[in-house]
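Text of the file data.cif, holding mmCIF, C-alpha atoms:
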data_entry
#
loop_
_atom_site.group_PDB
_atom_site.id
_atom_site.type_symbol
_atom_site.label_atom_id
_atom_site.label_comp_id
_atom_site.auth_asym_id
_atom_site.auth_seq_id
_atom_site.Cartn_x
_atom_site.Cartn_y
_atom_site.Cartn_z
ATOM 1 C CA GLN A 207 -232.244 77.946 -309.906
ATOM 2 C CA VAL A 208 -234.558 80.887 -309.449
ATOM 3 C CA TYR A 209 -233.126 84.382 -309.002
ATOM 4 C CA ARG A 210 -235.378 87.044 -307.573
ATOM 5 C CA ASN A 211 -233.635 90.257 -308.500
ATOM 6 C CA GLU A 212 -233.799 93.225 -310.846
ATOM 7 C CA ALA A 213 -233.168 91.736 -314.295
ATOM 8 C CA GLY A 214 -230.114 93.802 -315.259
ATOM 9 C CA ARG A 215 -228.345 93.004 -311.987
ATOM 10 C CA ALA A 216 -229.304 89.344 -312.227
ATOM 11 C CA LEU A 217 -227.934 89.109 -315.778
ATOM 12 C CA SER A 218 -224.646 90.717 -314.717
ATOM 13 C CA ALA A 219 -224.307 88.266 -311.805
ATOM 14 C CA LEU A 220 -225.133 85.297 -314.044
ATOM 15 C CA GLU A 221 -222.668 86.487 -316.689
ATOM 16 C CA LYS A 222 -219.893 86.614 -314.059
ATOM 17 C CA ARG A 223 -220.706 82.994 -313.185
ATOM 18 C CA GLY A 224 -220.413 82.006 -316.864
ATOM 19 C CA LYS A 225 -224.041 80.903 -317.158
ATOM 20 C CA ILE A 226 -225.353 80.102 -320.641
ATOM 21 C CA PHE A 227 -229.004 79.251 -321.188
ATOM 22 C CA ASP A 228 -231.089 77.320 -323.677
ATOM 23 C CA LEU A 229 -234.456 78.205 -322.056
ATOM 24 C CA VAL A 230 -235.331 81.533 -320.410
ATOM 25 C CA PHE A 231 -238.607 82.701 -318.850
ATOM 26 C CA LEU A 232 -238.936 86.494 -318.799
ATOM 27 C CA ASP A 233 -241.723 88.143 -316.844
ATOM 28 C CA PRO A 234 -240.722 91.797 -316.485
ATOM 29 C CA PRO A 235 -243.108 94.186 -314.750
ATOM 30 C CA TYR A 236 -245.748 95.084 -317.323
ATOM 31 C CA ARG A 237 -245.170 98.820 -316.958
ATOM 32 C CA LEU A 238 -241.491 98.577 -318.014
ATOM 33 C CA LYS A 239 -241.997 96.936 -321.431
ATOM 34 C CA HIS A 240 -238.289 96.149 -321.865
ATOM 35 C CA GLY A 241 -238.333 92.401 -322.503
ATOM 36 C CA ASP A 242 -236.711 92.921 -325.899
ATOM 37 C CA GLU A 243 -233.882 94.925 -324.297
ATOM 38 C CA LEU A 244 -233.276 92.095 -321.814
ATOM 39 C CA MET A 245 -233.150 89.594 -324.675
ATOM 40 C CA LEU A 246 -230.598 91.735 -326.533
ATOM 41 C CA MET A 247 -228.574 92.134 -323.333
ATOM 42 C CA MET A 248 -228.359 88.334 -323.014
ATOM 43 C CA VAL A 249 -227.062 88.119 -326.593
ATOM 44 C CA GLU A 250 -224.473 90.855 -325.997
ATOM 45 C CA LYS A 251 -223.257 89.045 -322.871
ATOM 46 C CA GLY A 252 -223.026 85.704 -324.729
ATOM 47 C CA MET A 253 -225.513 84.084 -322.369
ATOM 48 C CA LEU A 254 -227.639 82.171 -324.902
ATOM 49 C CA GLN A 255 -227.051 78.854 -326.634
ATOM 50 C CA GLU A 256 -227.698 78.695 -330.346
ATOM 51 C CA ASP A 257 -231.457 78.141 -330.856
ATOM 52 C CA ALA A 258 -232.233 79.145 -327.241
ATOM 53 C CA ILE A 259 -235.908 79.678 -326.474
ATOM 54 C CA ILE A 260 -237.195 82.791 -324.676
ATOM 55 C CA VAL A 261 -240.690 82.717 -323.163
ATOM 56 C CA LEU A 262 -241.744 86.336 -322.643
ATOM 57 C CA GLU A 263 -244.865 87.180 -320.631
ATOM 58 C CA HIS A 264 -246.303 90.637 -321.220
ATOM 59 C CA GLU A 265 -249.415 92.754 -321.168
ATOM 60 C CA SER A 266 -251.771 91.973 -324.059
ATOM 61 C CA SER A 267 -252.204 95.659 -324.909
ATOM 62 C CA TYR A 268 -248.458 95.879 -325.720
ATOM 63 C CA ALA A 269 -247.109 94.199 -328.846
ATOM 64 C CA TYR A 270 -243.450 93.215 -329.030
ATOM 65 C CA PRO A 271 -242.164 92.964 -332.619
ATOM 66 C CA GLU A 272 -242.362 89.644 -334.435
ATOM 67 C CA ASP A 273 -238.640 89.843 -335.174
ATOM 68 C CA ILE A 274 -236.200 91.218 -332.610
ATOM 69 C CA PRO A 275 -232.576 91.372 -333.838
ATOM 70 C CA GLY A 276 -231.177 87.881 -333.290
ATOM 71 C CA PHE A 277 -234.618 86.393 -332.549
ATOM 72 C CA TYR A 278 -237.787 85.441 -334.319
ATOM 73 C CA ARG A 279 -241.177 84.742 -332.764
ATOM 74 C CA LEU A 280 -242.223 81.104 -332.901
ATOM 75 C CA ARG A 281 -245.621 81.516 -331.305
ATOM 76 C CA GLN A 282 -247.830 83.919 -329.432
ATOM 77 C CA ALA A 283 -250.850 83.174 -327.250
ATOM 78 C CA VAL A 284 -253.225 85.659 -325.652
ATOM 79 C CA TYR A 285 -254.869 84.851 -322.310
ATOM 80 C CA GLY A 286 -257.074 87.854 -321.535
ATOM 81 C CA GLU A 287 -254.805 90.650 -320.263
ATOM 82 C CA THR A 288 -251.687 88.457 -320.513
ATOM 83 C CA THR A 289 -249.798 87.432 -323.647
ATOM 84 C CA ILE A 290 -247.056 84.823 -323.941
ATOM 85 C CA SER A 291 -244.622 85.354 -326.813
ATOM 86 C CA ILE A 292 -242.122 82.590 -327.552
ATOM 87 C CA TYR A 293 -238.953 83.577 -329.382
ATOM 88 C CA GLN A 294 -236.071 81.531 -330.723
ATOM 89 C CA HIS A 295 -232.534 82.871 -330.797
ATOM 90 C CA GLU A 296 -230.728 82.641 -334.121
ATOM 91 C CA THR A 297 -226.952 82.922 -334.053
ATOM 92 C CA ASN A 298 -225.603 85.300 -336.705
ATOM 93 C CA PRO A 299 -228.572 85.055 -339.122
ATOM 94 C CA ALA A 300 -227.006 87.705 -341.418
ATOM 95 C CA GLU A 301 -223.790 85.692 -341.781
ATOM 96 C CA GLU A 302 -225.755 82.544 -342.595
ATOM 97 C CA SER A 303 -227.833 84.314 -345.274
ATOM 98 C CA GLU A 304 -224.724 85.957 -346.753
ATOM 99 C CA ALA A 305 -223.017 82.555 -346.958
ATOM 100 C CA GLY A 306 -226.090 81.161 -348.704
ATOM 101 C CA GLU A 307 -226.053 84.031 -351.192
ATOM 102 C CA GLU A 308 -222.391 83.405 -351.990
ATOM 103 C CA VAL A 309 -223.108 79.759 -352.759
ATOM 104 C CA GLU A 310 -226.001 80.743 -355.029
ATOM 105 C CA ASN A 311 -223.849 83.303 -356.877
ATOM 106 C CA GLU A 312 -221.030 80.802 -357.372
ATOM 107 C CA SER A 313 -223.388 78.186 -358.822
ATOM 108 C CA ALA A 314 -224.906 80.765 -361.175
ATOM 109 C CA ASN A 315 -221.502 81.535 -362.734
#

structure tokens encoding of this file:
Amino acid sequence: QVYRNEAGRALSALEKRGKIFDLVFLDPPYRLKHGDELMLMMVEKGMLQEDAIIVLEHESSYAYPEDIPGFYRLRQAVYGETTISIYQHETNPAEESEAGEEVENESAN
């Protein structure tokens, strides 16, 4: 399904329908530069599967961070004035690393 709507309103409507995604294409207007905010909004609303992929199209002169809380960039490709950044969602990465640290500490004792 394709929704042509302002992103925030579309996400609210999709959340009400209980939609959860494993692949999302984001192409916000270049002047807004809020793709990372939309990604975080999807996490807050519980709309992403574990390991979901986000394909974010943006202006090449603007650089989104390599790591956005809850995401890490898998790949980035520049095509002239357009850049495609591909992010993967990681569910509770802090909890996973803390659990790993506990195991290491226990084995060291």

The distance between atom CA of A:Glu250 and atom CA of A:Ile290 is 23.5 Å

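In this comparison, which uses only C-alpha atoms, the residue of A:Gln294, A:Ile274, A:Ala283, A:Ala258 approaching A:Glu243 most closely is A:Ile274.
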
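Comparing the minimum interatomic distances between A:Phe231 and each of A:Val208, A:Met248, A:Leu254, A:Ile260, counting all atoms listed in the file, we find that A:Ile260 sits nearest.
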
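If only C-alpha atoms are the atoms counted, then among A:His264, A:Arg215, A:His295, A:Arg279 the closest residue to A:Phe227 is A:His295.
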
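You will find atom CA of A:Glu287 at 22.5 Å from atom CA of A:Ala213.
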
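Note that the spacing between atom CA of A:Tyr236 and atom CA of A:Glu265 amounts to 5.8 Å.
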
Between A:Val249, A:Ala216, A:Ala269, A:Leu280, which has the minimum distance to A:Tyr293 (counting all atoms listed in the file)?
A:Leu280

Please output stretch 269-280 of chain A, rebuilt to include all heavy atoms, as a CSV table (one decimal), in the frame of the given file.
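out_17.csv was written with the following content:
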chain,number,residue,atom,x,y,z
A,269,ALA,N,-247.6,95.2,-327.9
A,269,ALA,CA,-247.1,94.2,-328.8
A,269,ALA,C,-245.6,94.3,-329.1
A,269,ALA,O,-245.1,95.3,-329.6
A,269,ALA,CB,-247.8,94.4,-330.2
A,270,TYR,N,-244.9,93.3,-328.7
A,270,TYR,CA,-243.4,93.2,-329.0
A,270,TYR,C,-243.4,92.9,-330.5
A,270,TYR,O,-244.2,92.2,-331.1
A,270,TYR,CB,-242.7,92.1,-328.2
A,270,TYR,CG,-242.4,92.6,-326.8
A,270,TYR,CD1,-243.3,92.3,-325.7
A,270,TYR,CD2,-241.3,93.4,-326.5
A,270,TYR,CE1,-243.0,92.7,-324.4
A,270,TYR,CE2,-241.0,93.8,-325.2
A,270,TYR,CZ,-241.8,93.5,-324.2
A,270,TYR,OH,-241.6,93.9,-322.9
A,271,PRO,N,-242.3,93.3,-331.2
A,271,PRO,CA,-242.2,93.0,-332.6
A,271,PRO,C,-242.0,91.5,-332.9
A,271,PRO,O,-241.6,90.7,-332.0
A,271,PRO,CB,-240.9,93.7,-333.1
A,271,PRO,CG,-240.2,94.2,-331.8
A,271,PRO,CD,-241.2,94.0,-330.7
A,272,GLU,N,-242.5,91.1,-334.1
A,272,GLU,CA,-242.4,89.6,-334.4
A,272,GLU,C,-240.9,89.2,-334.5
A,272,GLU,O,-240.5,88.1,-334.1
A,272,GLU,CB,-243.1,89.4,-335.8
A,272,GLU,CG,-243.1,88.0,-336.1
A,272,GLU,CD,-244.0,87.7,-337.4
A,272,GLU,OE1,-245.0,88.5,-337.6
A,272,GLU,OE2,-243.7,86.8,-338.1
A,273,ASP,N,-240.1,90.1,-335.1
A,273,ASP,CA,-238.6,89.8,-335.2
A,273,ASP,C,-237.9,90.9,-334.3
A,273,ASP,O,-238.0,92.1,-334.6
A,273,ASP,CB,-238.2,89.9,-336.6
A,273,ASP,CG,-238.8,88.8,-337.5
A,273,ASP,OD1,-238.7,87.6,-337.1
A,273,ASP,OD2,-239.3,89.1,-338.6
A,274,ILE,N,-237.1,90.4,-333.4
A,274,ILE,CA,-236.2,91.2,-332.6
A,274,ILE,C,-234.8,90.8,-333.1
A,274,ILE,O,-234.6,89.6,-333.3
A,274,ILE,CB,-236.4,90.9,-331.1
A,274,ILE,CG1,-237.8,91.4,-330.7
A,274,ILE,CG2,-235.3,91.6,-330.3
A,274,ILE,CD1,-238.2,90.9,-329.3
A,275,PRO,N,-233.9,91.8,-333.3
A,275,PRO,CA,-232.6,91.4,-333.8
A,275,PRO,C,-232.0,90.2,-333.1
A,275,PRO,O,-231.8,90.2,-331.9
A,275,PRO,CB,-231.7,92.6,-333.6
A,275,PRO,CG,-232.7,93.7,-333.7
A,275,PRO,CD,-234.0,93.2,-333.0
A,276,GLY,N,-231.7,89.1,-333.9
A,276,GLY,CA,-231.2,87.9,-333.3
A,276,GLY,C,-232.2,86.9,-332.8
A,276,GLY,O,-231.9,85.8,-332.4
A,277,PHE,N,-233.5,87.2,-333.0
A,277,PHE,CA,-234.6,86.4,-332.5
A,277,PHE,C,-235.7,86.4,-333.6
A,277,PHE,O,-235.9,87.4,-334.3
A,277,PHE,CB,-235.2,86.9,-331.2
A,277,PHE,CG,-234.2,86.9,-330.1
A,277,PHE,CD1,-233.5,88.0,-329.8
A,277,PHE,CD2,-234.1,85.7,-329.3
A,277,PHE,CE1,-232.6,87.9,-328.7
A,277,PHE,CE2,-233.3,85.7,-328.2
A,277,PHE,CZ,-232.5,86.8,-327.9
A,278,TYR,N,-236.5,85.4,-333.6
A,278,TYR,CA,-237.8,85.4,-334.3
A,278,TYR,C,-238.8,84.8,-333.5
A,278,TYR,O,-238.6,83.9,-332.7
A,278,TYR,CB,-237.7,84.8,-335.7
A,278,TYR,CG,-237.4,83.3,-335.7
A,278,TYR,CD1,-238.4,82.4,-335.7
A,278,TYR,CD2,-236.0,82.9,-335.7
A,278,TYR,CE1,-238.0,81.0,-335.7
A,278,TYR,CE2,-235.7,81.6,-335.7
A,278,TYR,CZ,-236.7,80.6,-335.7
A,278,TYR,OH,-236.4,79.3,-335.7
A,279,ARG,N,-240.1,85.3,-333.6
A,279,ARG,CA,-241.2,84.7,-332.8
A,279,ARG,C,-241.7,83.4,-333.3
A,279,ARG,O,-242.1,83.4,-334.5
A,279,ARG,CB,-242.3,85.8,-332.7
A,279,ARG,CG,-243.3,85.4,-331.6
A,279,ARG,CD,-244.3,86.5,-331.3
A,279,ARG,NE,-245.0,86.9,-332.5
A,279,ARG,CZ,-245.4,88.2,-332.7
A,279,ARG,NH1,-245.2,89.1,-331.8
A,279,ARG,NH2,-246.1,88.4,-333.8
A,280,LEU,N,-241.7,82.4,-332.5
A,280,LEU,CA,-242.2,81.1,-332.9
A,280,LEU,C,-243.7,81.0,-332.7
A,280,LEU,O,-244.4,80.4,-333.5
A,280,LEU,CB,-241.6,80.0,-332.0
A,280,LEU,CG,-240.1,79.7,-332.2
A,280,LEU,CD1,-239.7,78.7,-331.1
A,280,LEU,CD2,-239.9,79.2,-333.6
